[in-house]
file coords-v2.txt (compact mmCIF, C-alpha atoms and all ligand atoms)
# COMPACT_ATOMS: atom_id res chain seq x y z
CA MET X 163 -31.00 -57.76 -2.48
CA GLN X 164 -32.88 -56.57 0.59
CA LYS X 165 -30.81 -54.85 3.29
CA THR X 166 -31.76 -55.09 6.92
CA TYR X 167 -30.77 -52.54 9.55
CA GLY X 168 -30.49 -52.77 13.31
CA PRO X 169 -32.46 -50.24 15.39
CA ALA X 170 -29.40 -48.02 16.03
CA THR X 171 -28.64 -47.76 12.31
CA ALA X 172 -32.29 -47.03 11.58
CA ARG X 173 -32.27 -44.19 14.13
CA ARG X 174 -29.15 -42.74 12.52
CA LEU X 175 -30.73 -42.94 9.07
CA VAL X 176 -33.89 -41.20 10.31
CA ALA X 177 -31.77 -38.48 11.94
CA ALA X 178 -29.77 -38.01 8.73
CA ALA X 179 -32.97 -37.78 6.68
CA MET X 180 -34.33 -35.14 9.08
CA MET X 181 -31.10 -33.10 8.77
CA LEU X 182 -31.33 -33.24 5.00
CA ALA X 183 -34.95 -32.10 5.16
CA ALA X 184 -33.84 -29.13 7.31
CA LEU X 185 -31.33 -27.96 4.69
CA PRO X 186 -32.66 -25.33 2.29
CA ALA X 187 -33.93 -26.95 -0.85
CA ALA X 188 -32.20 -26.03 -4.07
CA ALA X 189 -35.37 -24.25 -5.13
CA GLN X 190 -35.04 -21.84 -2.16
CA ARG X 191 -31.69 -20.57 -3.39
CA ALA X 192 -31.89 -17.35 -5.36
CA ALA X 193 -31.68 -17.75 -9.12
CA VAL X 194 -28.16 -17.57 -10.47
CA SER X 195 -29.36 -14.83 -12.79
CA SER X 196 -29.89 -12.67 -9.69
CA TYR X 197 -26.34 -13.16 -8.33
CA PRO X 198 -24.22 -10.01 -8.22
CA THR X 199 -21.78 -9.69 -11.08
CA PRO X 200 -18.34 -8.04 -11.03
CA THR X 201 -18.66 -4.35 -11.82
CA GLU X 202 -17.95 -3.70 -15.49
CA PHE X 203 -16.11 -0.70 -16.84
CA PRO X 204 -17.05 -0.53 -20.52
CA LYS X 205 -14.91 2.55 -21.19
CA ALA X 206 -11.78 1.04 -19.64
CA ASP X 207 -8.41 1.65 -21.22
CA ALA X 208 -7.29 -1.98 -20.86
CA ALA X 209 -3.61 -1.31 -21.55
CA ALA X 210 -3.46 1.45 -18.92
CA VAL X 211 -5.35 -0.69 -16.41
CA ALA X 212 -2.82 -3.49 -16.91
CA ARG X 213 0.14 -1.12 -16.62
CA TYR X 214 -1.03 0.52 -13.37
CA LEU X 215 -2.14 -2.80 -11.88
CA ASP X 216 1.34 -4.12 -12.51
CA GLU X 217 2.88 -1.00 -10.97
CA ALA X 218 0.67 -1.26 -7.88
CA ARG X 219 1.40 -4.97 -7.45
CA ARG X 220 5.15 -4.43 -7.65
CA ILE X 221 5.06 -1.59 -5.12
CA ALA X 222 2.91 -3.67 -2.79
CA GLY X 223 5.34 -6.54 -2.48
CA GLU X 224 4.24 -9.23 -0.06
CA ASP X 225 3.43 -7.14 2.99
CA ARG X 226 1.04 -4.76 1.21
CA PHE X 227 -0.42 -7.36 -1.20
CA PRO X 228 -3.73 -7.59 0.71
CA ASP X 229 -4.08 -3.80 0.51
CA PHE X 230 -3.32 -3.91 -3.21
CA VAL X 231 -5.96 -6.55 -3.96
CA HIS X 232 -8.53 -4.83 -1.78
CA ARG X 233 -8.12 -1.33 -3.17
CA CYS X 234 -7.24 -2.16 -6.78
CA ILE X 235 -9.49 -5.18 -7.39
CA ILE X 236 -11.98 -6.31 -4.75
CA SER X 237 -13.44 -2.95 -3.77
CA PRO X 238 -14.00 -1.62 -7.32
CA ARG X 239 -15.05 -4.95 -8.88
CA TYR X 240 -16.73 -6.92 -6.05
CA SER X 241 -18.54 -4.37 -3.89
CA VAL X 242 -21.07 -6.88 -2.53
CA ARG X 243 -18.21 -8.91 -1.10
CA VAL X 244 -16.80 -5.81 0.59
CA ARG X 245 -20.20 -5.05 2.12
CA GLY X 246 -20.34 -8.64 3.38
CA ILE X 247 -16.97 -8.41 5.12
CA GLN X 248 -17.68 -4.89 6.30
CA HIS X 249 -20.91 -5.79 8.11
CA ASP X 250 -22.10 -4.12 11.29
CA GLY X 251 -20.81 -6.24 14.15
CA LEU X 252 -19.33 -6.03 17.60
CA ILE X 253 -15.60 -6.48 18.13
CA GLU X 254 -13.45 -6.48 21.24
CA PRO X 255 -12.30 -3.06 22.44
CA THR X 256 -8.52 -3.22 22.47
CA GLN X 257 -5.56 -1.19 23.65
CA LEU X 258 -3.26 -0.63 20.66
CA PHE X 259 -0.56 1.58 22.18
CA ASP X 260 0.17 3.01 25.61
CA GLN X 261 -2.21 5.91 24.76
CA LEU X 262 -4.33 4.60 21.87
CA TYR X 263 -7.42 2.38 22.01
CA SER X 264 -9.72 0.79 19.45
CA VAL X 265 -13.36 1.31 20.50
CA GLY X 266 -15.24 0.89 17.21
CA GLN X 267 -17.07 -1.93 15.48
CA ASN X 268 -16.44 -4.37 12.62
CA ALA X 269 -17.62 -2.09 9.82
CA VAL X 270 -16.06 1.16 10.93
CA SER X 271 -13.44 2.26 13.43
CA SER X 272 -13.32 4.63 16.34
CA PHE X 273 -10.09 5.33 18.22
CA ALA X 274 -9.50 6.93 21.60
CA LEU X 275 -6.21 8.76 22.10
CA VAL X 276 -5.59 9.45 25.78
CA THR X 277 -3.70 12.64 26.61
CA SER X 278 -2.91 14.34 29.91
CA ALA X 279 -5.80 16.73 29.16
CA GLY X 280 -8.47 14.22 28.19
CA ILE X 281 -9.45 11.91 25.34
CA VAL X 282 -9.29 12.73 21.65
CA LEU X 283 -11.80 10.46 19.91
CA PHE X 284 -11.38 9.81 16.20
CA ASP X 285 -14.77 9.20 14.56
CA ALA X 286 -18.06 8.33 16.18
CA LEU X 287 -19.49 5.40 14.16
CA ASN X 288 -22.87 5.31 12.39
CA SER X 289 -25.44 6.64 14.83
CA PRO X 290 -26.31 7.95 18.29
CA GLU X 291 -27.20 4.36 19.24
CA GLU X 292 -23.76 3.10 18.26
CA ALA X 293 -22.09 5.92 20.22
CA GLU X 294 -24.16 5.09 23.29
CA GLN X 295 -24.12 1.30 22.99
CA ILE X 296 -20.67 0.66 21.47
CA ILE X 297 -18.24 3.55 22.04
CA VAL X 298 -19.31 4.39 25.59
CA PRO X 299 -19.26 0.81 26.98
CA ASN X 300 -16.05 0.03 25.05
CA LEU X 301 -14.32 3.01 26.67
CA GLN X 302 -15.59 1.89 30.07
CA ARG X 303 -14.41 -1.69 29.55
CA LEU X 304 -10.94 -0.29 28.85
CA GLY X 305 -11.05 1.75 32.06
CA LEU X 306 -11.65 5.06 30.27
CA ASP X 307 -14.31 7.58 31.22
CA PRO X 308 -16.43 8.85 28.29
CA ALA X 309 -16.95 12.08 30.25
CA ASN X 310 -13.26 12.75 29.52
CA ILE X 311 -13.78 12.95 25.75
CA LYS X 312 -12.49 16.43 25.03
CA TYR X 313 -12.37 16.39 21.23
CA ILE X 314 -13.95 14.32 18.48
CA VAL X 315 -12.08 14.36 15.17
CA VAL X 316 -14.41 13.63 12.25
CA THR X 317 -12.02 12.21 9.65
CA HIS X 318 -14.48 12.88 6.84
CA GLY X 319 -18.07 13.95 6.39
CA HIS X 320 -19.72 10.58 5.80
CA GLY X 321 -22.37 9.38 8.23
CA ASP X 322 -20.52 6.22 9.23
CA HIS X 323 -17.87 8.48 10.80
CA TYR X 324 -19.93 11.35 12.28
CA GLY X 325 -23.17 9.46 13.10
CA GLY X 326 -22.58 9.33 16.86
CA ALA X 327 -20.76 12.67 17.18
CA ARG X 328 -23.84 14.74 18.02
CA TYR X 329 -24.76 12.37 20.85
CA LEU X 330 -21.26 12.60 22.37
CA GLN X 331 -21.21 16.37 21.84
CA GLN X 332 -24.52 16.78 23.66
CA THR X 333 -23.95 14.17 26.36
CA TYR X 334 -20.35 14.95 27.33
CA GLY X 335 -19.75 18.44 25.94
CA ALA X 336 -17.06 17.13 23.57
CA ARG X 337 -15.80 19.63 20.98
CA VAL X 338 -16.02 18.40 17.38
CA LEU X 339 -13.33 19.01 14.74
CA SER X 340 -13.63 18.83 10.98
CA SER X 341 -12.44 20.69 7.90
CA ALA X 342 -14.66 23.54 6.67
CA ILE X 343 -15.44 21.64 3.46
CA ASP X 344 -16.54 18.51 5.27
CA TRP X 345 -18.61 20.52 7.79
CA ASP X 346 -20.53 21.67 4.71
CA LEU X 347 -20.68 18.11 3.42
CA MET X 348 -22.18 16.92 6.71
CA SER X 349 -24.92 19.54 6.71
CA GLY X 350 -25.71 18.73 3.06
CA GLU X 351 -25.94 15.02 3.78
CA ARG X 352 -28.70 15.59 6.31
CA SER X 353 -31.15 16.13 3.47
CA ARG X 354 -29.93 13.70 0.79
CA GLY X 355 -27.79 10.68 0.05
CA PRO X 356 -27.24 7.50 2.01
CA PHE X 357 -27.10 9.30 5.38
CA ALA X 358 -30.26 11.39 4.93
CA GLY X 359 -32.08 12.00 8.20
CA LEU X 360 -28.96 11.49 10.31
CA GLU X 361 -28.27 14.57 12.40
CA PRO X 362 -24.66 15.72 12.08
CA PRO X 363 -22.92 17.26 15.08
CA GLN X 364 -23.48 20.95 15.66
CA ARG X 365 -20.95 22.89 13.61
CA ASP X 366 -18.00 23.50 15.89
CA ILE X 367 -14.22 23.77 15.37
CA VAL X 368 -12.89 24.23 11.82
CA ILE X 369 -9.46 22.71 11.23
CA GLU X 370 -7.17 24.23 8.61
CA ASP X 371 -4.56 22.44 6.56
CA GLY X 372 -1.27 22.23 8.48
CA GLN X 373 -2.89 23.16 11.79
CA THR X 374 -1.45 21.89 15.05
CA LEU X 375 -3.55 21.11 18.10
CA VAL X 376 -1.88 20.72 21.47
CA VAL X 377 -3.91 18.64 23.91
CA GLY X 378 -2.09 18.36 27.21
CA ASP X 379 1.12 16.44 26.54
CA THR X 380 0.18 15.46 22.97
CA THR X 381 0.55 17.41 19.73
CA LEU X 382 -1.62 16.51 16.74
CA ARG X 383 -0.88 17.79 13.24
CA PHE X 384 -3.75 17.97 10.77
CA TYR X 385 -3.71 18.02 7.00
CA ILE X 386 -6.54 18.24 4.50
CA THR X 387 -6.19 15.36 2.07
CA PRO X 388 -8.93 15.54 -0.57
CA GLY X 389 -9.97 12.43 -2.46
CA HIS X 390 -12.45 10.25 -0.59
CA THR X 391 -14.21 13.52 0.30
CA PRO X 392 -13.10 17.06 -0.61
CA GLY X 393 -12.15 17.87 2.99
CA THR X 394 -10.84 14.57 4.36
CA LEU X 395 -8.83 15.25 7.52
CA SER X 396 -5.64 13.30 8.17
CA THR X 397 -3.61 13.38 11.35
CA ILE X 398 -0.08 12.72 12.52
CA PHE X 399 0.46 12.12 16.24
CA PRO X 400 2.97 10.39 18.51
CA VAL X 401 2.35 7.28 20.60
CA THR X 402 4.49 4.88 22.58
CA ASP X 403 4.42 1.09 22.49
CA GLN X 404 5.60 -0.28 25.84
CA GLY X 405 7.49 2.97 26.22
CA GLN X 406 9.05 2.97 22.73
CA PRO X 407 8.15 6.07 20.68
CA HIS X 408 6.35 5.76 17.34
CA LEU X 409 4.53 8.12 15.02
CA VAL X 410 1.01 7.42 13.75
CA GLY X 411 -0.08 8.52 10.28
CA PHE X 412 -3.87 8.40 10.23
CA HIS X 413 -5.09 9.08 6.69
CA GLY X 414 -8.76 9.98 7.00
CA GLY X 415 -9.99 8.60 3.67
CA THR X 416 -8.41 5.36 2.51
CA GLY X 417 -11.78 4.39 1.03
CA GLY X 418 -10.63 5.75 -2.32
CA GLY X 419 -12.58 7.91 -4.73
CA ARG X 420 -15.63 6.95 -6.78
CA GLU X 421 -15.46 9.41 -9.67
CA ALA X 422 -12.75 10.76 -11.92
CA ASP X 423 -12.32 14.14 -10.19
CA ALA X 424 -12.16 12.57 -6.75
CA LEU X 425 -9.61 10.04 -8.01
CA ARG X 426 -7.47 12.81 -9.52
CA ALA X 427 -7.61 14.76 -6.26
CA GLY X 428 -6.72 11.58 -4.36
CA ILE X 429 -3.67 10.91 -6.52
CA LYS X 430 -2.32 14.40 -5.78
CA SER X 431 -3.04 14.28 -2.10
CA TYR X 432 -1.70 10.75 -1.54
CA ALA X 433 1.58 11.99 -3.04
CA ARG X 434 1.61 14.98 -0.71
CA TRP X 435 0.67 12.82 2.27
CA ARG X 436 3.56 10.51 1.47
CA ASP X 437 5.97 13.44 1.55
CA LEU X 438 4.54 14.73 4.83
CA THR X 439 4.59 11.36 6.56
CA GLN X 440 8.02 10.44 5.22
CA GLU X 441 9.50 13.70 6.46
CA ALA X 442 7.87 13.21 9.84
CA GLY X 443 9.01 9.59 10.10
CA VAL X 444 5.57 7.95 10.35
CA ASP X 445 5.85 4.22 11.06
CA VAL X 446 2.38 3.32 12.38
CA LEU X 447 -0.58 2.65 10.09
CA ILE X 448 -4.14 2.99 11.31
CA ALA X 449 -7.21 3.60 9.17
CA ASN X 450 -10.86 4.37 9.84
CA HIS X 451 -12.21 0.99 8.70
CA PRO X 452 -10.80 -2.27 10.14
CA LEU X 453 -10.76 -3.63 6.59
CA HIS X 454 -8.20 -0.96 5.66
CA ASP X 455 -5.66 -1.55 8.44
CA ARG X 456 -6.34 -5.24 9.27
CA GLY X 457 -7.86 -3.97 12.49
CA ILE X 458 -9.67 -7.16 13.45
CA GLU X 459 -6.61 -9.33 12.89
CA ASN X 460 -4.21 -6.85 14.51
CA ASN X 461 -6.40 -6.38 17.58
CA GLU X 462 -6.62 -10.15 18.10
CA LEU X 463 -2.85 -10.45 17.75
CA LEU X 464 -2.34 -7.64 20.27
CA ARG X 465 -4.63 -9.23 22.82
CA SER X 466 -2.63 -12.48 22.55
CA ARG X 467 0.72 -10.73 22.34
CA LEU X 468 3.63 -12.49 23.99
CA PRO X 469 6.59 -10.62 25.49
CA GLY X 470 8.96 -9.49 22.75
CA GLN X 471 6.41 -9.86 19.96
CA PRO X 472 5.99 -6.88 17.63
CA ASN X 473 3.02 -4.54 17.56
CA PRO X 474 1.33 -5.29 14.21
CA TYR X 475 0.27 -1.66 13.75
CA VAL X 476 3.96 -0.67 13.63
CA VAL X 477 4.52 -1.40 9.96
CA GLY X 478 7.72 0.62 9.60
CA GLU X 479 8.43 3.69 7.49
CA ASP X 480 9.00 1.87 4.19
CA SER X 481 5.84 -0.24 4.37
CA TYR X 482 3.82 2.83 5.36
CA GLN X 483 5.07 4.71 2.32
CA ARG X 484 4.32 1.77 0.01
CA TYR X 485 0.80 1.44 1.41
CA MET X 486 0.12 5.03 0.37
CA GLN X 487 1.82 4.48 -3.00
CA VAL X 488 -0.47 1.50 -3.56
CA MET X 489 -3.50 3.69 -2.77
CA GLU X 490 -2.21 6.20 -5.29
CA SER X 491 -1.53 3.60 -8.01
CA CYS X 492 -4.92 1.97 -7.48
CA SER X 493 -6.51 5.39 -8.02
CA ARG X 494 -4.71 5.46 -11.39
CA VAL X 495 -5.98 1.94 -12.16
CA HIS X 496 -9.48 3.09 -11.41
CA LEU X 497 -9.17 6.25 -13.50
CA ALA X 498 -8.03 4.04 -16.39
CA ARG X 499 -11.12 1.86 -15.82
CA PHE X 500 -13.17 4.99 -16.52
CA GLY X 501 -11.09 5.55 -19.64
CA GLU X 502 -9.68 8.70 -18.04
CA SER X 503 -6.22 9.87 -17.14
CA GLU X 504 -4.72 12.45 -14.78
ZN ZN X 601 -16.38 7.50 3.68
call {"tool": "encode", "arguments": {"input": "coords-v2.txt", "output": "structure tokens"}}
result
Amino acid sequence: MQKTYGPATARRLVAAAMMLAALPAAAQRAAVSSYPTPTEFPKADAAAVARYLDEARRIAGEDRFPDFVHRCIISPRYSVRVRGIQHDGLIEPTQLFDQLYSVGQNAVSSFALVTSAGIVLFDALNSPEEAEQIIVPNLQRLGLDPANIKYIVVTHGHGDHYGGARYLQQTYGARVLSSAIDWDLMSGERSRGPFAGLEPPQRDIVIEDGQTLVVGDTTLRFYITPGHTPGTLSTIFPVTDQGQPHLVGFHGGTGGGREADALRAGIKSYARWRDLTQEAGVDVLIANHPLHDRGIENNELLRSRLPGQPNPYVVGEDSYQRYMQVMESCSRVHLARFGESE
């Protein structure tokens, strides 16, 4: 049976055919054989993996479940997916607390802590360009003057955290802080590895474990928490949220460890960090990648915050402790994947 169409229907059919033609043909899709596969761990101790996964999942409960799946499963097994989520991209600069601001990008964070004696900037993103074209305008949009950056804390010696530090050091005279071990790491990375060719900041202030830095009205306490790098720097400092006091625990290397020794070091130092932050009463979680502290989601919530609504970065003391316990347990899971133990 022959169908006949009116002119309007014919136009719609032609338009639909053109849309179909514009879609990528099946042949243009990469071959399935080239798709990334989950990372395999042929030496894994399956029983130990199962036991520590169970432990981590129980500790996580509901509130830390996303952190559990990210650190224990997605990051070690599906790294391409993590790279996809953690792409370079612009995000809105956002005020998080009365004194603390998010001025980084989608892949990696930068925070500005405003004190009575100037700004303490945590991390400087990937490159001089990102410092100039992301951090500086973000500070300005928030009403902050980049010329007031007094200190830059490099949380660890990987290029995605120190990449813009040299630019800010040279442009604004900011002093740069890192642990001695990660200062060495930064100068070594200049010549090799994924950040080769990237100029680190000029070696400046060396921070020791347990050191306190008083900047105007604000006291920062630093601890060296090996694991992600040998000299990862973590910080405890006070903030207020609409006048209410809180304490931030900023672990400088929640990216986990990649090899057995780093994982073992991480297990020890997460346990110590838990003690330190518990004793201090830390109730605010921030991390140096938005993927690790739900930065994108939290910032959006804060910018649409209604009176009386909670600040999503204030997770409470118990949840903070369990987050760090999950990081520790996932390190054990990963060690067991290598067929190793503590
Ligand atoms: Zn790193």
call {"tool": "closest_atom_pairs", "arguments": {"input": "coords-v2.txt", "of": "chain X", "to": "ligand ZN 601 (chain X)", "cutoff": "7 Å", "atoms": "only C-alpha atoms and all ligand atoms", "output": "Markdown table"}}
result
| residue | atom | partner | partner_atom | distance |
| --- | --- | --- | --- | --- |
| X:His318 | CA | X:ZN601 | ZN | 6.5 |
| X:His320 | CA | X:ZN601 | ZN | 5.0 |
| X:His390 | CA | X:ZN601 | ZN | 6.4 |
| X:Gly415 | CA | X:ZN601 | ZN | 6.5 |
| X:Gly417 | CA | X:ZN601 | ZN | 6.2 |
call {"tool": "closest_residue", "arguments": {"input": "coords-v2.txt", "among": "X:Trp435, X:Phe203, X:Phe500, X:Phe399", "to": "Ile386 (chain X)", "atoms": "all atoms listed in the file"}}
result
X:Trp435
call {"tool": "closest_atom_pairs", "arguments": {"input": "coords-v2.txt", "of": "region 354-432 of chain X", "to": "region 473-486 of chain X", "cutoff": "12 Å", "atoms": "all atoms listed in the file", "output": "CSV"}}
result
residue,atom,partner,partner_atom,distance
X:Val401,CA,X:Val476,CA,10.7
X:Thr402,CA,X:Val476,CA,10.5
X:Asp403,CA,X:Asn473,CA,7.6
X:Gln404,CA,X:Asn473,CA,9.7
X:Gln406,CA,X:Asn473,CA,10.9
X:Pro407,CA,X:Val476,CA,10.6
X:His408,CA,X:Val476,CA,7.8
X:Leu409,CA,X:Val476,CA,8.9
X:Val410,CA,X:Val476,CA,8.6
X:Gly411,CA,X:Tyr482,CA,8.5
X:Phe412,CA,X:Tyr482,CA,10.7
X:His413,CA,X:Met486,CA,9.1
X:Gly415,CA,X:Met486,CA,11.2
X:Thr416,CA,X:Met486,CA,8.8
X:Gly417,CA,X:Met486,CA,11.9
X:Gly418,CA,X:Met486,CA,11.1
X:Gly428,CA,X:Met486,CA,10.6
X:Ile429,CA,X:Met486,CA,9.8
X:Lys430,CA,X:Met486,CA,11.5
X:Ser431,CA,X:Met486,CA,10.1
X:Tyr432,CA,X:Met486,CA,6.3
call {"tool": "closest_residue", "arguments": {"input": "coords-v2.txt", "among": "X:Met348, X:Val194, X:Ala309, X:Ala209", "to": "Gly501 (chain X)", "atoms": "all atoms listed in the file"}}
result
X:Ala209
call {"tool": "residues_around", "arguments": {"input": "coords-v2.txt", "residues": "region 248-257 of chain X", "least_positions_apart": "3", "cutoff": "7 Å", "atoms": "all atoms listed in the file", "output": "PyMOL selection string"}}
result
chain X and resi 244-245+262-265+267-269+300+461
call {"tool": "write_last_selection", "arguments": {"input": "coords-v2.txt", "atoms": "C-alpha atoms", "output": "mmCIF file, in the frame of the given file"}}
result
data_model
loop_
_atom_site.group_PDB
_atom_site.id
_atom_site.type_symbol
_atom_site.label_atom_id
_atom_site.label_comp_id
_atom_site.auth_asym_id
_atom_site.auth_seq_id
_atom_site.Cartn_x
_atom_site.Cartn_y
_atom_site.Cartn_z
ATOM 1 C CA VAL X 244 -16.800 -5.810 0.590
ATOM 2 C CA ARG X 245 -20.200 -5.050 2.120
ATOM 3 C CA LEU X 262 -4.330 4.600 21.870
ATOM 4 C CA TYR X 263 -7.420 2.380 22.010
ATOM 5 C CA SER X 264 -9.720 0.790 19.450
ATOM 6 C CA VAL X 265 -13.360 1.310 20.500
ATOM 7 C CA GLN X 267 -17.070 -1.930 15.480
ATOM 8 C CA ASN X 268 -16.440 -4.370 12.620
ATOM 9 C CA ALA X 269 -17.620 -2.090 9.820
ATOM 10 C CA ASN X 300 -16.050 0.030 25.050
ATOM 11 C CA ASN X 461 -6.400 -6.380 17.580
#
call {"tool": "closest_residue", "arguments": {"input": "coords-v2.txt", "among": "X:Gln364, X:Thr317, X:Thr199, X:Thr333", "to": "Arg243 (chain X)", "atoms": "all atoms listed in the file"}}
result
X:Thr199
call {"tool": "closest_residue", "arguments": {"input": "coords-v2.txt", "among": "X:Ser493, X:Tyr214, X:Thr201, X:Asp207", "to": "Arg239 (chain X)", "atoms": "only C-alpha atoms"}}
result
X:Thr201
call {"tool": "closest_residue", "arguments": {"input": "coords-v2.txt", "among": "X:Val446, X:Leu283, X:Ile221, X:Val242", "to": "Glu490 (chain X)", "atoms": "only C-alpha atoms"}}
result
X:Ile221
call {"tool": "residues_around", "arguments": {"input": "coords-v2.txt", "residues": "region 349-356 of chain X", "least_positions_apart": "5", "cutoff": "12 Å", "atoms": "all atoms listed in the file", "output": "list in words"}}
result
Asn288, Gly319, His320, Gly321, Asp322, Tyr324, Gly325, Ala342, Ile343, Asp344, Glu361, Pro362, Pro363, Gln364 and Arg365 of chain X
call {"tool": "residues_around", "arguments": {"input": "coords-v2.txt", "residues": "Leu287 (chain X)", "least_positions_apart": "4", "cutoff": "7 Å", "atoms": "only C-alpha atoms", "output": "count of residues only"}}
result
11
call {"tool": "atom_distance", "arguments": {"input": "coords-v2.txt", "atom1": "CA of Leu438 (chain X)", "atom2": "CA of Cys234 (chain X)"}}
result
23.6 Å
call {"tool": "atom_distance", "arguments": {"input": "coords-v2.txt", "atom1": "CA of Val315 (chain X)", "atom2": "CA of Leu453 (chain X)"}}
result
20.0 Å
call {"tool": "atom_distance", "arguments": {"input": "coords-v2.txt", "atom1": "CA of Ser278 (chain X)", "atom2": "CA of Gly378 (chain X)"}}
result
4.9 Å
call {"tool": "residues_around", "arguments": {"input": "coords-v2.txt", "residues": "Thr381 (chain X)", "least_positions_apart": "4", "cutoff": "12 Å", "atoms": "all atoms listed in the file", "output": "PyMOL selection string"}}
result
chain X and resi 275-279+282+373-377+397-401+409-410
call {"tool": "build_atoms", "arguments": {"input": "coords-v2.txt", "residues": "region 392-398 of chain X", "atoms": "all heavy atoms", "output": "PDB file, in the coordinates of the input"}}
result
ATOM      1  N   PRO X 392     -13.936  15.883  -0.301  1.00  0.00           N
ATOM      2  CA  PRO X 392     -13.100  17.060  -0.610  1.00  0.00           C
ATOM      3  C   PRO X 392     -12.331  17.598   0.600  1.00  0.00           C
ATOM      4  O   PRO X 392     -11.335  18.280   0.430  1.00  0.00           O
ATOM      5  CB  PRO X 392     -14.125  18.096  -1.091  1.00  0.00           C
ATOM      6  CG  PRO X 392     -15.357  17.331  -1.424  1.00  0.00           C
ATOM      7  CD  PRO X 392     -15.355  16.107  -0.583  1.00  0.00           C
ATOM      8  N   GLY X 393     -12.816  17.309   1.808  1.00  0.00           N
ATOM      9  CA  GLY X 393     -12.150  17.870   2.990  1.00  0.00           C
ATOM     10  C   GLY X 393     -11.681  16.815   3.985  1.00  0.00           C
ATOM     11  O   GLY X 393     -11.665  17.066   5.196  1.00  0.00           O
ATOM     12  N   THR X 394     -11.312  15.651   3.486  1.00  0.00           N
ATOM     13  CA  THR X 394     -10.840  14.570   4.360  1.00  0.00           C
ATOM     14  C   THR X 394      -9.693  15.068   5.246  1.00  0.00           C
ATOM     15  O   THR X 394      -8.744  15.685   4.768  1.00  0.00           O
ATOM     16  CB  THR X 394     -10.363  13.385   3.509  1.00  0.00           C
ATOM     17  OG1 THR X 394     -11.480  12.837   2.813  1.00  0.00           O
ATOM     18  CG2 THR X 394      -9.726  12.297   4.367  1.00  0.00           C
ATOM     19  N   LEU X 395      -9.801  14.776   6.548  1.00  0.00           N
ATOM     20  CA  LEU X 395      -8.830  15.250   7.520  1.00  0.00           C
ATOM     21  C   LEU X 395      -7.911  14.093   7.927  1.00  0.00           C
ATOM     22  O   LEU X 395      -8.375  13.033   8.332  1.00  0.00           O
ATOM     23  CB  LEU X 395      -9.604  15.752   8.756  1.00  0.00           C
ATOM     24  CG  LEU X 395      -8.959  16.731   9.707  1.00  0.00           C
ATOM     25  CD1 LEU X 395      -8.486  17.984   8.976  1.00  0.00           C
ATOM     26  CD2 LEU X 395      -9.984  17.115  10.785  1.00  0.00           C
ATOM     27  N   SER X 396      -6.605  14.325   7.782  1.00  0.00           N
ATOM     28  CA  SER X 396      -5.640  13.300   8.170  1.00  0.00           C
ATOM     29  C   SER X 396      -4.754  13.846   9.281  1.00  0.00           C
ATOM     30  O   SER X 396      -4.522  15.046   9.363  1.00  0.00           O
ATOM     31  CB  SER X 396      -4.790  12.898   6.958  1.00  0.00           C
ATOM     32  OG  SER X 396      -5.622  12.313   5.958  1.00  0.00           O
ATOM     33  N   THR X 397      -4.284  12.944  10.123  1.00  0.00           N
ATOM     34  CA  THR X 397      -3.610  13.380  11.350  1.00  0.00           C
ATOM     35  C   THR X 397      -2.315  12.615  11.577  1.00  0.00           C
ATOM     36  O   THR X 397      -2.242  11.415  11.318  1.00  0.00           O
ATOM     37  CB  THR X 397      -4.542  13.124  12.574  1.00  0.00           C
ATOM     38  OG1 THR X 397      -5.869  13.493  12.245  1.00  0.00           O
ATOM     39  CG2 THR X 397      -4.080  13.905  13.786  1.00  0.00           C
ATOM     40  N   ILE X 398      -1.327  13.340  12.077  1.00  0.00           N
ATOM     41  CA  ILE X 398      -0.080  12.720  12.520  1.00  0.00           C
ATOM     42  C   ILE X 398       0.053  12.983  14.022  1.00  0.00           C
ATOM     43  O   ILE X 398      -0.104  14.125  14.460  1.00  0.00           O
ATOM     44  CB  ILE X 398       1.136  13.309  11.767  1.00  0.00           C
ATOM     45  CG1 ILE X 398       1.021  13.021  10.262  1.00  0.00           C
ATOM     46  CG2 ILE X 398       2.446  12.754  12.327  1.00  0.00           C
ATOM     47  CD1 ILE X 398       2.118  13.668   9.414  1.00  0.00           C
TER      48      ILE X 398
END
